[in-house]
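Here's protein_23.pdb, which has PDB, C-alpha atoms:
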ATOM      1  CA  MET Z1338     -34.446  29.866 -62.780
ATOM      2  CA  ARG Z1339     -35.535  31.586 -65.993
ATOM      3  CA  ILE Z1340     -37.248  34.979 -66.138
ATOM      4  CA  ALA Z1341     -38.797  36.166 -69.386
ATOM      5  CA  LEU Z1342     -38.849  39.841 -70.348
ATOM      6  CA  ASP Z1343     -40.801  41.478 -73.162
ATOM      7  CA  ALA Z1344     -37.941  43.249 -74.908
ATOM      8  CA  MET Z1345     -40.245  45.146 -77.265
ATOM      9  CA  GLY Z1346     -42.713  46.614 -74.759
ATOM     10  CA  GLY Z1347     -42.504  50.145 -73.392
ATOM     11  CA  ASP Z1348     -42.079  53.709 -74.582
ATOM     12  CA  PHE Z1349     -38.287  53.361 -74.648
ATOM     13  CA  ALA Z1350     -38.109  49.776 -75.898
ATOM     14  CA  PRO Z1351     -36.112  47.930 -76.917
ATOM     15  CA  ASN Z1352     -32.959  49.829 -75.874
ATOM     16  CA  ALA Z1353     -33.958  50.731 -72.303
ATOM     17  CA  ILE Z1354     -35.460  47.289 -71.718
ATOM     18  CA  ILE Z1355     -32.336  45.456 -72.830
ATOM     19  CA  GLU Z1356     -30.099  47.835 -70.877
ATOM     20  CA  GLY Z1357     -32.193  47.083 -67.781
ATOM     21  CA  ALA Z1358     -31.749  43.362 -68.350
ATOM     22  CA  LEU Z1359     -27.991  43.856 -68.535
ATOM     23  CA  LEU Z1360     -28.044  45.812 -65.251
ATOM     24  CA  ALA Z1361     -30.028  43.034 -63.559
ATOM     25  CA  ALA Z1362     -27.741  40.328 -64.958
ATOM     26  CA  LYS Z1363     -24.790  41.909 -63.136
ATOM     27  CA  GLU Z1364     -26.553  41.301 -59.813
ATOM     28  CA  LEU Z1365     -27.917  37.834 -60.507
ATOM     29  CA  THR Z1366     -26.084  34.545 -60.209
ATOM     30  CA  GLU Z1367     -25.319  32.512 -63.300
ATOM     31  CA  GLU Z1368     -28.133  30.108 -62.383
ATOM     32  CA  VAL Z1369     -30.672  32.835 -63.192
ATOM     33  CA  LYS Z1370     -31.203  33.208 -66.932
ATOM     34  CA  LEU Z1371     -32.966  36.221 -68.445
ATOM     35  CA  VAL Z1372     -34.981  35.422 -71.555
ATOM     36  CA  LEU Z1373     -35.445  38.391 -73.886
ATOM     37  CA  VAL Z1374     -38.562  37.933 -76.005
ATOM     38  CA  GLY Z1375     -38.752  39.955 -79.192
ATOM     39  CA  ILE Z1376     -37.320  40.497 -82.659
ATOM     40  CA  LYS Z1377     -34.073  38.518 -82.586
ATOM     41  CA  ASP Z1378     -32.014  40.607 -85.029
ATOM     42  CA  THR Z1379     -32.909  43.820 -83.216
ATOM     43  CA  ILE Z1380     -32.063  42.403 -79.793
ATOM     44  CA  GLU Z1381     -28.760  40.963 -80.995
ATOM     45  CA  ALA Z1382     -27.748  44.283 -82.546
ATOM     46  CA  ILE Z1383     -28.446  46.171 -79.317
ATOM     47  CA  LEU Z1384     -26.588  43.615 -77.204
ATOM     48  CA  LYS Z1385     -23.637  43.995 -79.568
ATOM     49  CA  ASP Z1386     -23.765  47.774 -79.146
ATOM     50  CA  PHE Z1387     -23.560  47.283 -75.368
ATOM     51  CA  GLY Z1388     -20.606  44.939 -75.865
ATOM     52  CA  TYR Z1389     -22.400  41.983 -74.270
ATOM     53  CA  GLU Z1390     -20.774  38.603 -74.860
ATOM     54  CA  GLY Z1391     -22.055  36.560 -71.911
ATOM     55  CA  GLU Z1392     -24.416  33.587 -71.703
ATOM     56  CA  GLN Z1393     -26.822  34.789 -69.027
ATOM     57  CA  LEU Z1394     -29.167  36.433 -71.520
ATOM     58  CA  GLU Z1395     -31.121  34.290 -73.963
ATOM     59  CA  ILE Z1396     -33.282  35.358 -76.887
ATOM     60  CA  VAL Z1397     -36.647  33.913 -77.927
ATOM     61  CA  HIS Z1398     -37.761  35.307 -81.279
ATOM     62  CA  ALA Z1399     -41.146  36.989 -81.628
ATOM     63  CA  ASN Z1400     -41.824  38.664 -84.953
ATOM     64  CA  GLU Z1401     -44.829  40.746 -83.852
ATOM     65  CA  VAL Z1402     -45.187  43.593 -81.370
ATOM     66  CA  VAL Z1403     -48.261  44.676 -79.423
ATOM     67  CA  GLU Z1404     -48.161  48.458 -79.698
ATOM     68  CA  MET Z1405     -49.137  50.733 -76.811
ATOM     69  CA  GLY Z1406     -52.242  51.888 -78.693
ATOM     70  CA  ASP Z1407     -53.502  48.422 -79.689
ATOM     71  CA  ASN Z1408     -56.825  47.210 -78.338
ATOM     72  CA  PRO Z1409     -55.902  44.969 -75.366
ATOM     73  CA  THR Z1410     -58.661  42.416 -75.897
ATOM     74  CA  LYS Z1411     -57.898  41.998 -79.593
ATOM     75  CA  ALA Z1412     -54.129  42.382 -79.582
ATOM     76  CA  LEU Z1413     -53.163  38.895 -78.411
ATOM     77  CA  SER Z1414     -55.583  37.067 -80.704
ATOM     78  CA  GLN Z1415     -54.634  39.204 -83.697
ATOM     79  CA  LYS Z1416     -50.905  39.013 -82.923
ATOM     80  CA  PRO Z1417     -50.269  35.460 -81.680
ATOM     81  CA  GLN Z1418     -46.550  35.793 -82.476
ATOM     82  CA  SER Z1419     -46.119  38.962 -80.432
ATOM     83  CA  SER Z1420     -43.585  39.224 -77.628
ATOM     84  CA  ILE Z1421     -46.378  39.403 -75.034
ATOM     85  CA  ALA Z1422     -48.199  36.352 -76.378
ATOM     86  CA  ILE Z1423     -45.013  34.284 -76.604
ATOM     87  CA  GLY Z1424     -43.891  35.439 -73.160
ATOM     88  CA  TYR Z1425     -47.119  34.167 -71.660
ATOM     89  CA  HIS Z1426     -46.795  30.917 -73.589
ATOM     90  CA  LEU Z1427     -43.360  30.371 -72.080
ATOM     91  CA  LEU Z1428     -44.812  30.938 -68.612
ATOM     92  CA  GLN Z1429     -47.859  28.770 -69.236
ATOM     93  CA  THR Z1430     -45.748  25.839 -70.444
ATOM     94  CA  GLY Z1431     -43.313  26.088 -67.555
ATOM     95  CA  LYS Z1432     -40.344  27.154 -69.673
ATOM     96  CA  VAL Z1433     -39.856  30.273 -67.535
ATOM     97  CA  ASP Z1434     -40.600  31.001 -63.882
ATOM     98  CA  ALA Z1435     -41.766  34.587 -64.309
ATOM     99  CA  PHE Z1436     -42.715  37.041 -67.039
ATOM    100  CA  CYS Z1437     -42.188  40.812 -66.971
ATOM    101  CA  GLY Z1438     -43.325  43.464 -69.414
ATOM    102  CA  ALA Z1439     -43.607  47.250 -69.637
ATOM    103  CA  GLY Z1440     -45.657  47.302 -72.811
ATOM    104  CA  ASN Z1441     -49.420  47.567 -73.342
ATOM    105  CA  THR Z1442     -50.765  47.267 -69.772
ATOM    106  CA  GLY Z1443     -54.182  46.082 -70.886
ATOM    107  CA  ALA Z1444     -52.694  43.360 -73.077
ATOM    108  CA  MET Z1445     -50.437  42.210 -70.245
ATOM    109  CA  HIS Z1446     -53.446  41.962 -67.953
ATOM    110  CA  VAL Z1447     -55.622  40.209 -70.541
ATOM    111  CA  GLY Z1448     -52.796  37.764 -71.223
ATOM    112  CA  ALA Z1449     -52.592  36.877 -67.548
ATOM    113  CA  MET Z1450     -56.344  36.323 -67.317
ATOM    114  CA  PHE Z1451     -56.729  34.197 -70.433
ATOM    115  CA  SER Z1452     -53.438  32.324 -70.775
ATOM    116  CA  ILE Z1453     -52.212  31.346 -67.319
ATOM    117  CA  LYS Z1454     -55.619  32.210 -65.788
ATOM    118  CA  PRO Z1455     -56.609  33.066 -62.204
ATOM    119  CA  ILE Z1456     -55.991  30.576 -59.421
ATOM    120  CA  GLU Z1457     -59.121  28.558 -58.632
ATOM    121  CA  GLY Z1458     -61.075  30.405 -55.986
ATOM    122  CA  VAL Z1459     -59.693  33.846 -56.792
ATOM    123  CA  LEU Z1460     -62.572  36.216 -57.457
ATOM    124  CA  ARG Z1461     -60.444  38.870 -59.169
ATOM    125  CA  PRO Z1462     -56.660  39.008 -59.477
ATOM    126  CA  ALA Z1463     -55.229  42.191 -57.990
ATOM    127  CA  LEU Z1464     -52.572  44.595 -59.203
ATOM    128  CA  ILE Z1465     -50.363  45.744 -56.329
ATOM    129  CA  SER Z1466     -47.830  48.463 -55.686
ATOM    130  CA  HIS Z1467     -45.074  48.713 -53.114
ATOM    131  CA  VAL Z1468     -45.476  51.599 -50.682
ATOM    132  CA  PRO Z1469     -42.275  53.076 -49.195
ATOM    133  CA  ARG Z1470     -42.474  54.030 -45.518
ATOM    134  CA  VAL Z1471     -40.675  56.713 -43.534
ATOM    135  CA  ASP Z1472     -38.492  54.161 -41.707
ATOM    136  CA  GLY Z1473     -37.144  52.672 -44.952
ATOM    137  CA  SER Z1474     -39.402  49.616 -44.930
ATOM    138  CA  VAL Z1475     -41.991  48.742 -47.559
ATOM    139  CA  GLY Z1476     -45.703  47.961 -47.436
ATOM    140  CA  ILE Z1477     -48.167  47.245 -50.241
ATOM    141  CA  LEU Z1478     -51.342  48.770 -51.652
ATOM    142  CA  LEU Z1479     -53.916  46.772 -53.585
ATOM    143  CA  ASP Z1480     -55.660  47.096 -55.958
ATOM    144  CA  VAL Z1481     -54.023  49.899 -57.935
ATOM    145  CA  GLY Z1482     -55.963  49.794 -61.181
ATOM    146  CA  ALA Z1483     -57.019  46.354 -62.369
ATOM    147  CA  ASN Z1484     -60.426  46.409 -60.627
ATOM    148  CA  THR Z1485     -62.016  49.829 -60.401
ATOM    149  CA  ASP Z1486     -65.269  48.538 -58.879
ATOM    150  CA  CYS Z1487     -65.020  45.930 -56.126
ATOM    151  CA  LYS Z1488     -67.653  44.150 -54.099
ATOM    152  CA  PRO Z1489     -66.958  43.614 -50.378
ATOM    153  CA  GLU Z1490     -66.115  39.944 -50.999
ATOM    154  CA  VAL Z1491     -63.400  40.968 -53.454
ATOM    155  CA  LEU Z1492     -61.895  43.491 -51.047
ATOM    156  CA  ASN Z1493     -61.872  40.821 -48.351
ATOM    157  CA  GLN Z1494     -59.924  38.472 -50.614
ATOM    158  CA  PHE Z1495     -57.523  41.272 -51.529
ATOM    159  CA  GLY Z1496     -56.690  41.361 -47.836
ATOM    160  CA  GLN Z1497     -55.728  37.693 -47.939
ATOM    161  CA  LEU Z1498     -53.735  37.999 -51.184
ATOM    162  CA  GLY Z1499     -51.872  41.011 -49.843
ATOM    163  CA  TYR Z1500     -51.203  39.283 -46.526
ATOM    164  CA  LEU Z1501     -49.577  36.343 -48.330
ATOM    165  CA  TYR Z1502     -47.466  38.622 -50.512
ATOM    166  CA  ALA Z1503     -46.225  40.633 -47.550
ATOM    167  CA  LYS Z1504     -45.475  37.471 -45.600
ATOM    168  CA  HIS Z1505     -43.632  35.543 -48.308
ATOM    169  CA  VAL Z1506     -42.107  38.222 -50.551
ATOM    170  CA  LEU Z1507     -41.533  41.077 -48.098
ATOM    171  CA  GLU Z1508     -40.822  38.606 -45.275
ATOM    172  CA  VAL Z1509     -43.077  40.305 -42.722
ATOM    173  CA  ALA Z1510     -43.827  37.703 -40.043
ATOM    174  CA  HIS Z1511     -47.458  38.637 -39.345
ATOM    175  CA  PRO Z1512     -48.486  41.461 -41.693
ATOM    176  CA  LYS Z1513     -51.019  44.010 -40.500
ATOM    177  CA  VAL Z1514     -53.911  44.399 -42.973
ATOM    178  CA  ALA Z1515     -55.995  47.588 -43.092
ATOM    179  CA  LEU Z1516     -58.855  48.903 -45.224
ATOM    180  CA  MET Z1517     -58.425  52.330 -46.852
ATOM    181  CA  ASN Z1518     -61.302  54.495 -45.685
ATOM    182  CA  LEU Z1519     -62.250  58.091 -44.921
ATOM    183  CA  GLY Z1520     -62.060  57.494 -41.179
ATOM    184  CA  GLU Z1521     -60.704  54.942 -38.728
ATOM    185  CA  GLU Z1522     -64.050  54.183 -37.046
ATOM    186  CA  GLU Z1523     -65.662  50.864 -37.957
ATOM    187  CA  LYS Z1524     -68.878  52.376 -39.333
ATOM    188  CA  LYS Z1525     -67.137  54.926 -41.565
ATOM    189  CA  GLY Z1526     -67.330  54.904 -45.355
ATOM    190  CA  ASN Z1527     -69.914  53.864 -47.911
ATOM    191  CA  LEU Z1528     -71.934  50.659 -47.736
ATOM    192  CA  HIS Z1529     -69.276  48.642 -49.592
ATOM    193  CA  ALA Z1530     -66.535  49.804 -47.235
ATOM    194  CA  GLN Z1531     -68.626  48.997 -44.171
ATOM    195  CA  ALA Z1532     -69.483  45.531 -45.483
ATOM    196  CA  ALA Z1533     -65.841  44.882 -46.454
ATOM    197  CA  HIS Z1534     -64.720  45.935 -42.965
ATOM    198  CA  GLN Z1535     -66.974  43.333 -41.398
ATOM    199  CA  LEU Z1536     -65.739  40.565 -43.711
ATOM    200  CA  LEU Z1537     -62.090  41.464 -43.087
ATOM    201  CA  LYS Z1538     -62.739  41.593 -39.353
ATOM    202  CA  GLU Z1539     -64.155  38.044 -39.430
ATOM    203  CA  ASN Z1540     -61.375  36.679 -41.698
ATOM    204  CA  ASP Z1541     -59.199  34.463 -39.502
ATOM    205  CA  GLN Z1542     -56.649  34.027 -42.341
ATOM    206  CA  ILE Z1543     -55.279  37.537 -41.873
ATOM    207  CA  ASN Z1544     -54.262  40.032 -39.195
ATOM    208  CA  PHE Z1545     -56.863  42.751 -39.760
ATOM    209  CA  VAL Z1546     -56.245  45.983 -37.819
ATOM    210  CA  GLY Z1547     -59.207  48.076 -39.032
ATOM    211  CA  ASN Z1548     -59.570  51.137 -41.226
ATOM    212  CA  ILE Z1549     -56.717  53.408 -42.242
ATOM    213  CA  GLU Z1550     -56.809  56.956 -43.575
ATOM    214  CA  GLY Z1551     -54.700  58.253 -46.445
ATOM    215  CA  ARG Z1552     -52.558  60.351 -44.124
ATOM    216  CA  ASN Z1553     -51.196  57.169 -42.508
ATOM    217  CA  LEU Z1554     -50.165  55.513 -45.766
ATOM    218  CA  PHE Z1555     -46.428  55.935 -45.245
ATOM    219  CA  PHE Z1556     -46.181  55.012 -41.556
ATOM    220  CA  PRO Z1557     -45.156  51.411 -40.700
ATOM    221  CA  ASP Z1558     -46.893  51.240 -37.328
ATOM    222  CA  LYS Z1559     -50.318  51.438 -38.968
ATOM    223  CA  ALA Z1560     -50.388  48.679 -41.603
ATOM    224  CA  ASP Z1561     -48.276  46.537 -43.947
ATOM    225  CA  VAL Z1562     -51.093  45.780 -46.392
ATOM    226  CA  ILE Z1563     -53.631  48.422 -47.402
ATOM    227  CA  VAL Z1564     -56.766  47.252 -49.210
ATOM    228  CA  CYS Z1565     -58.848  49.399 -51.570
ATOM    229  CA  ASP Z1566     -60.576  49.250 -54.943
ATOM    230  CA  GLY Z1567     -58.496  49.889 -58.035
ATOM    231  CA  PHE Z1568     -60.051  53.308 -58.657
ATOM    232  CA  THR Z1569     -58.938  54.599 -55.269
ATOM    233  CA  GLY Z1570     -55.616  52.769 -55.366
ATOM    234  CA  ASN Z1571     -54.610  54.153 -58.740
ATOM    235  CA  ILE Z1572     -55.339  57.722 -57.638
ATOM    236  CA  VAL Z1573     -53.290  57.212 -54.449
ATOM    237  CA  LEU Z1574     -50.417  55.697 -56.452
ATOM    238  CA  LYS Z1575     -50.324  58.517 -59.008
ATOM    239  CA  MET Z1576     -50.479  61.142 -56.271
ATOM    240  CA  ALA Z1577     -47.545  59.486 -54.487
ATOM    241  CA  GLU Z1578     -45.560  59.550 -57.738
ATOM    242  CA  SER Z1579     -46.315  63.267 -58.095
ATOM    243  CA  ILE Z1580     -44.720  63.932 -54.701
ATOM    244  CA  TYR Z1581     -41.444  62.622 -56.103
ATOM    245  CA  ASP Z1582     -41.792  64.826 -59.196
ATOM    246  CA  ILE Z1583     -42.409  67.901 -57.019
ATOM    247  CA  ALA Z1584     -39.397  67.066 -54.824
ATOM    248  CA  VAL Z1585     -37.174  66.830 -57.900
ATOM    249  CA  GLN Z1586     -38.500  70.096 -59.348
ATOM    250  CA  ARG Z1587     -37.805  71.891 -56.058
ATOM    251  CA  GLY Z1588     -34.386  70.363 -55.600
ATOM    252  CA  ILE Z1589     -35.321  68.477 -52.448
ATOM    253  CA  GLN Z1590     -32.846  65.708 -51.631
ATOM    254  CA  ASP Z1591     -34.453  63.096 -49.385
ATOM    255  CA  GLU Z1592     -34.180  59.300 -49.362
ATOM    256  CA  PHE Z1593     -37.872  58.801 -48.623
ATOM    257  CA  PHE Z1594     -38.969  60.907 -51.597
ATOM    258  CA  ASP Z1595     -36.521  59.013 -53.797
ATOM    259  CA  HIS Z1596     -38.382  55.788 -52.996
ATOM    260  CA  LEU Z1597     -41.591  57.307 -54.382
ATOM    261  CA  ASN Z1598     -39.968  57.272 -57.818
ATOM    262  CA  TYR Z1599     -41.642  54.643 -60.015
ATOM    263  CA  GLU Z1600     -38.164  53.381 -60.965
ATOM    264  CA  ASP Z1601     -37.492  52.324 -57.379
ATOM    265  CA  ILE Z1602     -40.586  50.128 -57.330
ATOM    266  CA  GLY Z1603     -39.921  48.582 -60.748
ATOM    267  CA  GLY Z1604     -43.378  47.266 -61.506
ATOM    268  CA  SER Z1605     -46.712  46.007 -60.217
ATOM    269  CA  PRO Z1606     -47.136  42.255 -59.618
ATOM    270  CA  ILE Z1607     -50.474  40.625 -60.431
ATOM    271  CA  LEU Z1608     -51.644  38.533 -57.471
ATOM    272  CA  GLY Z1609     -54.006  35.589 -57.795
ATOM    273  CA  ILE Z1610     -52.893  34.096 -61.121
ATOM    274  CA  ASN Z1611     -51.161  30.812 -61.904
ATOM    275  CA  GLY Z1612     -47.713  32.277 -62.306
ATOM    276  CA  ASN Z1613     -45.441  35.206 -61.548
ATOM    277  CA  VAL Z1614     -46.182  38.282 -63.641
ATOM    278  CA  ILE Z1615     -45.048  41.877 -63.170
ATOM    279  CA  ILE Z1616     -46.343  44.786 -65.236
ATOM    280  CA  GLY Z1617     -43.949  47.689 -65.584
ATOM    281  CA  HIS Z1618     -44.691  51.367 -66.170
ATOM    282  CA  GLY Z1619     -44.968  52.301 -69.842
ATOM    283  CA  ILE Z1620     -42.158  54.832 -69.418
ATOM    284  CA  SER Z1621     -39.889  52.277 -67.728
ATOM    285  CA  SER Z1622     -36.222  53.194 -67.767
ATOM    286  CA  ALA Z1623     -33.337  50.756 -67.564
ATOM    287  CA  ILE Z1624     -33.247  51.149 -63.770
ATOM    288  CA  ALA Z1625     -36.960  50.378 -63.491
ATOM    289  CA  VAL Z1626     -36.539  47.252 -65.615
ATOM    290  CA  ARG Z1627     -33.619  46.148 -63.448
ATOM    291  CA  ASN Z1628     -35.714  46.469 -60.293
ATOM    292  CA  MET Z1629     -38.654  44.723 -61.931
ATOM    293  CA  LEU Z1630     -36.500  41.703 -62.788
ATOM    294  CA  LEU Z1631     -35.019  41.517 -59.292
ATOM    295  CA  LEU Z1632     -38.546  41.538 -57.836
ATOM    296  CA  ALA Z1633     -39.597  38.789 -60.264
ATOM    297  CA  LYS Z1634     -36.709  36.664 -59.024
ATOM    298  CA  LYS Z1635     -37.897  37.061 -55.444
ATOM    299  CA  MET Z1636     -41.469  36.122 -56.352
ATOM    300  CA  ALA Z1637     -40.288  33.031 -58.223
ATOM    301  CA  GLU Z1638     -38.033  31.976 -55.356
ATOM    302  CA  VAL Z1639     -40.869  31.869 -52.826
ATOM    303  CA  ASN Z1640     -43.387  30.189 -55.187
ATOM    304  CA  LEU Z1641     -45.981  32.810 -54.309
ATOM    305  CA  SER Z1642     -48.731  31.403 -56.528
ATOM    306  CA  VAL Z1643     -48.371  28.025 -54.797
ATOM    307  CA  SER Z1644     -48.702  29.659 -51.379
ATOM    308  CA  ILE Z1645     -51.869  31.402 -52.552
ATOM    309  CA  LYS Z1646     -53.299  28.138 -53.918
ATOM    310  CA  ASN Z1647     -52.623  26.361 -50.649
ATOM    311  CA  ALA Z1648     -54.139  29.170 -48.587
ATOM    312  CA  LEU Z1649     -57.304  29.286 -50.677
ATOM    313  CA  SER Z1650     -57.640  25.491 -50.582
ATOM    314  CA  SER Z1651     -57.386  25.634 -46.798
ATOM    315  CA  THR Z1652     -60.069  28.337 -46.676
ATOM    316  CA  VAL Z1653     -62.439  26.285 -48.832
ATOM    317  CA  SER Z1654     -61.897  23.072 -46.859
ATOM    318  CA  ASN Z1655     -62.560  24.900 -43.595
TER     319      ASN Z1655
END

Could you rewrite the structure in this file as structure tokens?
Amino acid sequence: MRIALDAMGGDFAPNAIIEGALLAAKELTEEVKLVLVGIKDTIEAILKDFGYEGEQLEIVHANEVVEMGDNPTKALSQKPQSSIAIGYHLLQTGKVDAFCGAGNTGAMHVGAMFSIKPIEGVLRPALISHVPRVDGSVGILLDVGANTDCKPEVLNQFGQLGYLYAKHVLEVAHPKVALMNLGEEEKKGNLHAQAAHQLLKENDQINFVGNIEGRNLFFPDKADVIVCDGFTGNIVLKMAESIYDIAVQRGIQDEFFDHLNYEDIGGSPILGINGNVIIGHGISSAIAVRNMLLLAKKMAEVNLSVSIKNALSSTVSN
């Protein structure tokens, strides 16, 4: 298995990114190779500073860098030799099994859409986030920012994408899927929420359990997969991250609050594309990068995109 990592992307790149790769390499078997994509001389110098002399990390040279402030839609076409563009090329051509990056989020998303492309039948790929629960388990929330406006049909498909992720990656036998709403009753919410509820209710590909309110986000008995539009999901995600910041500021030591730290999650996978891609936070630390790479390994192991293709093909044929 080979996992590519944009070594030049992120506020603290390349040092923190490479340090994160070294942390992940310590926990991975020799069969898993980490491919650092970026300016070769720079990467080699940093690896030397860390005293690395192993063979688990490889370097693929990219002489351009997509900066955080670059226009996402223009960046890849104007910088075809950037670390993001080359990382996606490696994934597209099957030379790596996953690609991770903490650089320009828009460029990472555009690259996924136009290089490896959405799986046939996917209306809109979704960006997901892991949600820690009070019992130590993990659920997921989708979308968390890629699609701010979603029609009911899109929300319904998010339920199916999330169900497959929870089943194959989180290893939940029969994940419970819920729709984020302002009340648990079936007729609650705006017209889109009501229409999405009906579609999810009729979807025999998932285990739909109804609406869920924000106050139940962190409780495992309610749902494993929580569906919402990206506008709502991103607000929920950022608010959850703020709880961790408040706990730290007030000196509160609690394992649950620790799991709300963005570092613990590592990154946000994109579901519904022809490959395994994880987008990291722009401020990703070495620990966050480590966790992002370990998650990418898990996604590659279960061939998630293949499971999604098969599920959608079954839906169409039925």

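Our summary of the geometry notes that CA of Leu1384 (chain Z) is positioned 7.5 Å from CA of Ile1355 (chain Z).
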
Any idea what's packed within 8 Å of region 1627-1636 of chain Z, counting all atoms listed in the file, ignoring anything in its chain fewer than 4 positions away? Could you give it as a PyMOL selection string? chain Z and resi 1340+1357-1361+1435-1437+1506+1600-1604+1613-1615+1617+1623+1640-1641

Can you pull out every residue within 9 Å of Val1481 (chain Z), counting all atoms listed in the file, but drop anything in the same chain fewer than 2 positions away, and send it as a ChimeraX atom specification? /Z:1463-1466,1478-1479,1483-1485,1565-1574,1605

Chain and number of each residue from the PyMOL selection byres ((chain Z and resi 1376) around 6), as JSON, numbers by chain: {"Z": [1375, 1377, 1378, 1379, 1398, 1399, 1400]}

Please return the centre and edge lengths, in Å to one decimal, of a box with edges along x, y and z that contains all listed atoms of region 1436-1452 of chain Z, widened by 6 Å on every side, as lines of an AutoDock Vina configuration file.
center_x = -49.5
center_y = 39.9
center_z = -70.2
size_x = 26.5
size_y = 27.2
size_z = 18.4

Using all atoms listed in the file, which residues sit within 7 Å of region 1545-1552 of chain Z once same-chain residues fewer than 2 positions away are excluded, as a VMD selection string? chain Z and resid 1513 to 1523 1537 to 1538 1543 1554

For CA of Pro1417 (chain Z) and CA of Lys1432 (chain Z), the interatomic separation in Å (one decimal): 17.7 Å

N, CA, C and O atoms are what I want for region 1582-1596 of chain Z; can you complete it accordingly and write them as a CSV table (one decimal), keeping the file's coordinate frame?
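Result saved to rebuild-v4.csv:
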chain,number,residue,atom,x,y,z
Z,1582,ASP,N,-42.0,63.8,-58.1
Z,1582,ASP,CA,-41.8,64.8,-59.2
Z,1582,ASP,C,-41.6,66.2,-58.6
Z,1582,ASP,O,-40.8,67.0,-59.1
Z,1583,ILE,N,-42.5,66.6,-57.6
Z,1583,ILE,CA,-42.4,67.9,-57.0
Z,1583,ILE,C,-41.1,68.1,-56.3
Z,1583,ILE,O,-40.4,69.1,-56.3
Z,1584,ALA,N,-40.7,67.0,-55.6
Z,1584,ALA,CA,-39.4,67.1,-54.8
Z,1584,ALA,C,-38.2,67.3,-55.8
Z,1584,ALA,O,-37.3,68.1,-55.5
Z,1585,VAL,N,-38.2,66.7,-56.9
Z,1585,VAL,CA,-37.2,66.8,-57.9
Z,1585,VAL,C,-37.2,68.3,-58.4
Z,1585,VAL,O,-36.1,68.9,-58.6
Z,1586,GLN,N,-38.4,68.7,-58.8
Z,1586,GLN,CA,-38.5,70.1,-59.3
Z,1586,GLN,C,-38.0,71.2,-58.4
Z,1586,GLN,O,-37.4,72.2,-58.8
Z,1587,ARG,N,-38.2,70.9,-57.1
Z,1587,ARG,CA,-37.8,71.9,-56.1
Z,1587,ARG,C,-36.4,71.6,-55.5
Z,1587,ARG,O,-36.0,72.3,-54.5
Z,1588,GLY,N,-35.7,70.6,-56.0
Z,1588,GLY,CA,-34.4,70.4,-55.6
Z,1588,GLY,C,-34.3,69.8,-54.2
Z,1588,GLY,O,-33.3,70.0,-53.5
Z,1589,ILE,N,-35.3,69.1,-53.8
Z,1589,ILE,CA,-35.3,68.5,-52.4
Z,1589,ILE,C,-34.6,67.1,-52.5
Z,1589,ILE,O,-35.0,66.2,-53.2
Z,1590,GLN,N,-33.6,67.0,-51.7
Z,1590,GLN,CA,-32.8,65.7,-51.6
Z,1590,GLN,C,-33.3,65.0,-50.4
Z,1590,GLN,O,-33.0,65.4,-49.3
Z,1591,ASP,N,-34.0,63.9,-50.5
Z,1591,ASP,CA,-34.5,63.1,-49.4
Z,1591,ASP,C,-34.6,61.6,-49.8
Z,1591,ASP,O,-35.3,61.4,-50.8
Z,1592,GLU,N,-34.1,60.7,-49.0
Z,1592,GLU,CA,-34.2,59.3,-49.4
Z,1592,GLU,C,-35.6,58.8,-49.5
Z,1592,GLU,O,-35.9,58.0,-50.3
Z,1593,PHE,N,-36.5,59.3,-48.6
Z,1593,PHE,CA,-37.9,58.8,-48.6
Z,1593,PHE,C,-38.5,59.2,-49.9
Z,1593,PHE,O,-39.2,58.4,-50.6
Z,1594,PHE,N,-38.4,60.5,-50.3
Z,1594,PHE,CA,-39.0,60.9,-51.6
Z,1594,PHE,C,-38.4,60.1,-52.8
Z,1594,PHE,O,-39.1,59.9,-53.8
Z,1595,ASP,N,-37.1,59.8,-52.7
Z,1595,ASP,CA,-36.5,59.0,-53.8
Z,1595,ASP,C,-37.2,57.7,-54.0
Z,1595,ASP,O,-37.4,57.2,-55.1
Z,1596,HIS,N,-37.7,57.1,-52.9
Z,1596,HIS,CA,-38.4,55.8,-53.0
Z,1596,HIS,C,-39.8,55.9,-53.6
Z,1596,HIS,O,-40.4,54.9,-53.9
